[in-house]
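> Structure file start-v5.tsv, TSV, N, CA and C atoms, is pasted below:
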```tsv
chain	number	residue	atom	x	y	z
A	1	MET	N	67.86	46.90	68.72
A	1	MET	CA	68.10	46.46	67.37
A	1	MET	C	68.03	47.69	66.45
A	2	PRO	N	68.96	47.82	65.51
A	2	PRO	CA	68.92	48.95	64.59
A	2	PRO	C	67.71	48.87	63.66
A	3	SER	N	67.37	49.98	63.02
A	3	SER	CA	66.20	50.02	62.13
A	3	SER	C	66.46	49.30	60.80
A	4	GLU	N	67.73	49.08	60.44
A	4	GLU	CA	68.07	48.35	59.22
A	4	GLU	C	69.16	47.34	59.53
A	5	LEU	N	69.06	46.16	58.90
A	5	LEU	CA	70.05	45.11	59.10
A	5	LEU	C	70.53	44.61	57.75
A	6	ASP	N	71.85	44.48	57.59
A	6	ASP	CA	72.36	43.90	56.35
A	6	ASP	C	72.17	42.38	56.40
A	7	GLY	N	72.53	41.68	55.35
A	7	GLY	CA	72.27	40.25	55.23
A	7	GLY	C	72.82	39.42	56.38
A	8	GLU	N	74.08	39.65	56.75
A	8	GLU	CA	74.67	38.86	57.83
A	8	GLU	C	74.04	39.20	59.17
A	9	ALA	N	73.76	40.46	59.41
A	9	ALA	CA	73.15	40.87	60.68
A	9	ALA	C	71.75	40.28	60.82
A	10	GLN	N	71.04	40.13	59.69
A	10	GLN	CA	69.71	39.51	59.75
A	10	GLN	C	69.81	38.10	60.31
A	11	GLY	N	70.81	37.36	59.85
A	11	GLY	CA	71.00	35.99	60.31
A	11	GLY	C	71.36	35.91	61.78
A	12	GLU	N	71.98	36.96	62.31
A	12	GLU	CA	72.37	36.99	63.72
A	12	GLU	C	71.26	37.50	64.62
A	13	GLN	N	70.44	38.43	64.13
A	13	GLN	CA	69.44	39.10	64.97
A	13	GLN	C	68.03	38.52	64.83
A	14	LEU	N	67.64	38.13	63.61
A	14	LEU	CA	66.27	37.66	63.37
A	14	LEU	C	66.24	36.14	63.46
A	15	ILE	N	66.24	35.64	64.68
A	15	ILE	CA	66.31	34.21	64.94
A	15	ILE	C	65.00	33.73	65.55
A	16	PRO	N	64.72	32.43	65.53
A	16	PRO	CA	63.50	31.93	66.15
A	16	PRO	C	63.37	32.40	67.60
A	17	GLY	N	62.17	32.84	67.93
A	17	GLY	CA	61.90	33.37	69.26
A	17	GLY	C	61.90	34.88	69.32
A	18	THR	N	62.44	35.53	68.29
A	18	THR	CA	62.46	37.00	68.25
A	18	THR	C	61.04	37.52	68.07
A	19	VAL	N	60.67	38.52	68.87
A	19	VAL	CA	59.36	39.16	68.76
A	19	VAL	C	59.59	40.59	68.32
A	20	LEU	N	58.92	40.98	67.24
A	20	LEU	CA	58.98	42.35	66.75
A	20	LEU	C	57.65	43.03	67.10
A	21	CYS	N	57.65	44.32	67.29
A	21	CYS	CA	56.42	45.04	67.63
A	21	CYS	C	56.26	46.24	66.72
A	22	THR	N	55.02	46.49	66.33
A	22	THR	CA	54.71	47.67	65.54
A	22	THR	C	53.28	48.08	65.84
A	23	VAL	N	52.95	49.31	65.54
A	23	VAL	CA	51.59	49.82	65.70
A	23	VAL	C	50.97	49.93	64.32
A	24	THR	N	49.76	49.40	64.18
A	24	THR	CA	49.06	49.42	62.89
A	24	THR	C	48.46	50.79	62.62
A	25	ASP	N	47.93	50.96	61.41
A	25	ASP	CA	47.26	52.21	61.05
A	25	ASP	C	46.05	52.48	61.94
A	26	GLU	N	45.49	51.42	62.54
A	26	GLU	CA	44.33	51.56	63.42
A	26	GLU	C	44.74	51.69	64.89
A	27	ASP	N	46.03	51.91	65.14
A	27	ASP	CA	46.59	52.05	66.49
A	27	ASP	C	46.51	50.78	67.32
A	28	ASP	N	46.43	49.63	66.67
A	28	ASP	CA	46.50	48.35	67.37
A	28	ASP	C	47.96	47.92	67.43
A	29	LEU	N	48.27	47.00	68.34
A	29	LEU	CA	49.64	46.50	68.48
A	29	LEU	C	49.76	45.17	67.74
A	30	ALA	N	50.70	45.10	66.79
A	30	ALA	CA	50.96	43.86	66.03
A	30	ALA	C	52.32	43.34	66.45
A	31	MET	N	52.35	42.04	66.83
A	31	MET	CA	53.60	41.44	67.31
A	31	MET	C	53.87	40.14	66.56
A	32	PRO	N	54.66	40.20	65.46
A	32	PRO	CA	55.06	38.97	64.80
A	32	PRO	C	56.19	38.29	65.58
A	33	THR	N	56.06	36.99	65.77
A	33	THR	CA	57.09	36.19	66.44
A	33	THR	C	57.70	35.26	65.41
A	34	ILE	N	59.03	35.27	65.29
A	34	ILE	CA	59.71	34.39	64.35
A	34	ILE	C	59.73	32.98	64.95
A	35	ARG	N	59.13	32.03	64.24
A	35	ARG	CA	59.06	30.64	64.70
A	35	ARG	C	60.15	29.77	64.07
A	36	ASN	N	60.53	30.09	62.82
A	36	ASN	CA	61.55	29.31	62.13
A	36	ASN	C	62.17	30.17	61.04
A	37	VAL	N	63.41	29.87	60.68
A	37	VAL	CA	64.08	30.57	59.58
A	37	VAL	C	64.62	29.50	58.63
A	38	VAL	N	64.24	29.62	57.36
A	38	VAL	CA	64.70	28.70	56.33
A	38	VAL	C	65.64	29.48	55.41
A	39	VAL	N	66.90	29.03	55.33
A	39	VAL	CA	67.89	29.70	54.49
A	39	VAL	C	67.96	28.98	53.15
A	40	ARG	N	67.81	29.75	52.10
A	40	ARG	CA	67.90	29.21	50.74
A	40	ARG	C	69.12	29.84	50.08
A	41	ALA	N	70.04	29.01	49.64
A	41	ALA	CA	71.27	29.50	49.03
A	41	ALA	C	71.28	29.20	47.54
A	42	ASP	N	71.74	30.16	46.76
A	42	ASP	CA	71.95	29.98	45.33
A	42	ASP	C	73.43	30.21	45.09
A	43	GLU	N	74.20	29.13	45.10
A	43	GLU	CA	75.65	29.23	44.97
A	43	GLU	C	76.08	29.87	43.66
A	44	SER	N	75.34	29.61	42.58
A	44	SER	CA	75.73	30.17	41.29
A	44	SER	C	75.56	31.68	41.26
A	45	ALA	N	74.55	32.19	41.98
A	45	ALA	CA	74.33	33.64	42.03
A	45	ALA	C	75.07	34.27	43.20
A	46	GLY	N	75.51	33.44	44.16
A	46	GLY	CA	76.29	33.94	45.28
A	46	GLY	C	75.50	34.67	46.34
A	47	PHE	N	74.27	34.25	46.61
A	47	PHE	CA	73.51	34.92	47.66
A	47	PHE	C	72.70	33.92	48.46
A	48	LYS	N	72.26	34.38	49.62
A	48	LYS	CA	71.37	33.61	50.47
A	48	LYS	C	70.08	34.41	50.65
A	49	ALA	N	68.98	33.70	50.73
A	49	ALA	CA	67.70	34.33	51.04
A	49	ALA	C	67.14	33.63	52.27
A	50	ARG	N	66.53	34.39	53.14
A	50	ARG	CA	65.94	33.82	54.35
A	50	ARG	C	64.43	33.95	54.30
A	51	ASP	N	63.75	32.84	54.53
A	51	ASP	CA	62.30	32.85	54.69
A	51	ASP	C	62.02	32.76	56.18
A	52	HIS	N	61.28	33.71	56.70
A	52	HIS	CA	60.94	33.74	58.12
A	52	HIS	C	59.51	33.24	58.29
A	53	VAL	N	59.36	32.16	59.04
A	53	VAL	CA	58.04	31.63	59.37
A	53	VAL	C	57.62	32.32	60.66
A	54	THR	N	56.49	33.00	60.62
A	54	THR	CA	56.08	33.81	61.76
A	54	THR	C	54.67	33.47	62.24
A	55	GLU	N	54.41	33.92	63.45
A	55	GLU	CA	53.07	33.85	64.03
A	55	GLU	C	52.75	35.28	64.45
A	56	LEU	N	51.56	35.77	64.12
A	56	LEU	CA	51.21	37.15	64.41
A	56	LEU	C	50.18	37.22	65.53
A	57	THR	N	50.47	38.06	66.52
A	57	THR	CA	49.51	38.37	67.57
A	57	THR	C	49.08	39.81	67.38
A	58	LEU	N	47.78	40.04	67.37
A	58	LEU	CA	47.25	41.39	67.21
A	58	LEU	C	46.45	41.74	68.46
A	59	ARG	N	46.81	42.82	69.07
A	59	ARG	CA	46.11	43.30	70.27
A	59	ARG	C	45.36	44.57	69.89
A	60	LYS	N	44.05	44.52	70.05
A	60	LYS	CA	43.21	45.66	69.71
A	60	LYS	C	43.38	46.76	70.75
A	61	ALA	N	43.44	48.00	70.27
A	61	ALA	CA	43.54	49.14	71.18
A	61	ALA	C	42.21	49.32	71.92
A	62	PRO	N	42.30	49.74	73.17
A	62	PRO	CA	41.04	49.94	73.93
A	62	PRO	C	40.24	51.12	73.41
```
Could you show the structure in this file as structure tokens?


Amino acid sequence: MPSELDGEAQGEQLIPGTVLCTVTDEDDLAMPTIRNVVVRADESAGFKARDHVTELTLRKAP
């Protein structure tokens, strides 16, 4: 997955079940899992916004 996604690519790539991984400032592993995506459209303004419902797993470094 690229480091940046435009609006349409977000809708294609960031779907329920996607797991993202990052290392925290304390060198722990943080893994947010996307559980649901709620799309909110504002037709008058011409844009969509996505709310990602996530679950976070944190694994402490040894």

> Mind giving me the straight-line distance from CA of Gly17 (chain A) to CA of Pro62 (chain A) in Å, one decimal?

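Going from CA of Gly17 (chain A) over to CA of Pro62 (chain A) covers 27.0 Å.
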
> Mind giving me the straight-line distance from atom C of Glu4 (chain A) to atom N of His52 (chain A) in Å, one decimal?

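For atom C of Glu4 (chain A) relative to atom N of His52 (chain A), the distance reads 16.0 Å.
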
> Let's see if you can do this: from backbone DSSP, list all strand (DSSP E or B) residues in chain A, as a PyMOL selection string.

chain A and resi 19+22-23+29-42+47-59

> Quick one: distance from CA of Val53 (chain A) to CA of Arg35 (chain A) in Å, one decimal?

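Computed distance, CA of Val53 (chain A) to CA of Arg35 (chain A), equals 5.5 Å.
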
> From the DSSP assignment of the backbone, select every residue of chain A that is alpha helix (DSSP H), and format the answer as a count of residues only.

7

> Would you please work out which residue, of A:Pro2, A:Gly11, A:Pro16, A:Pro32, is nearest to Leu58 (chain A) when using all atoms listed in the file?

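Closest candidate: A:Pro32.
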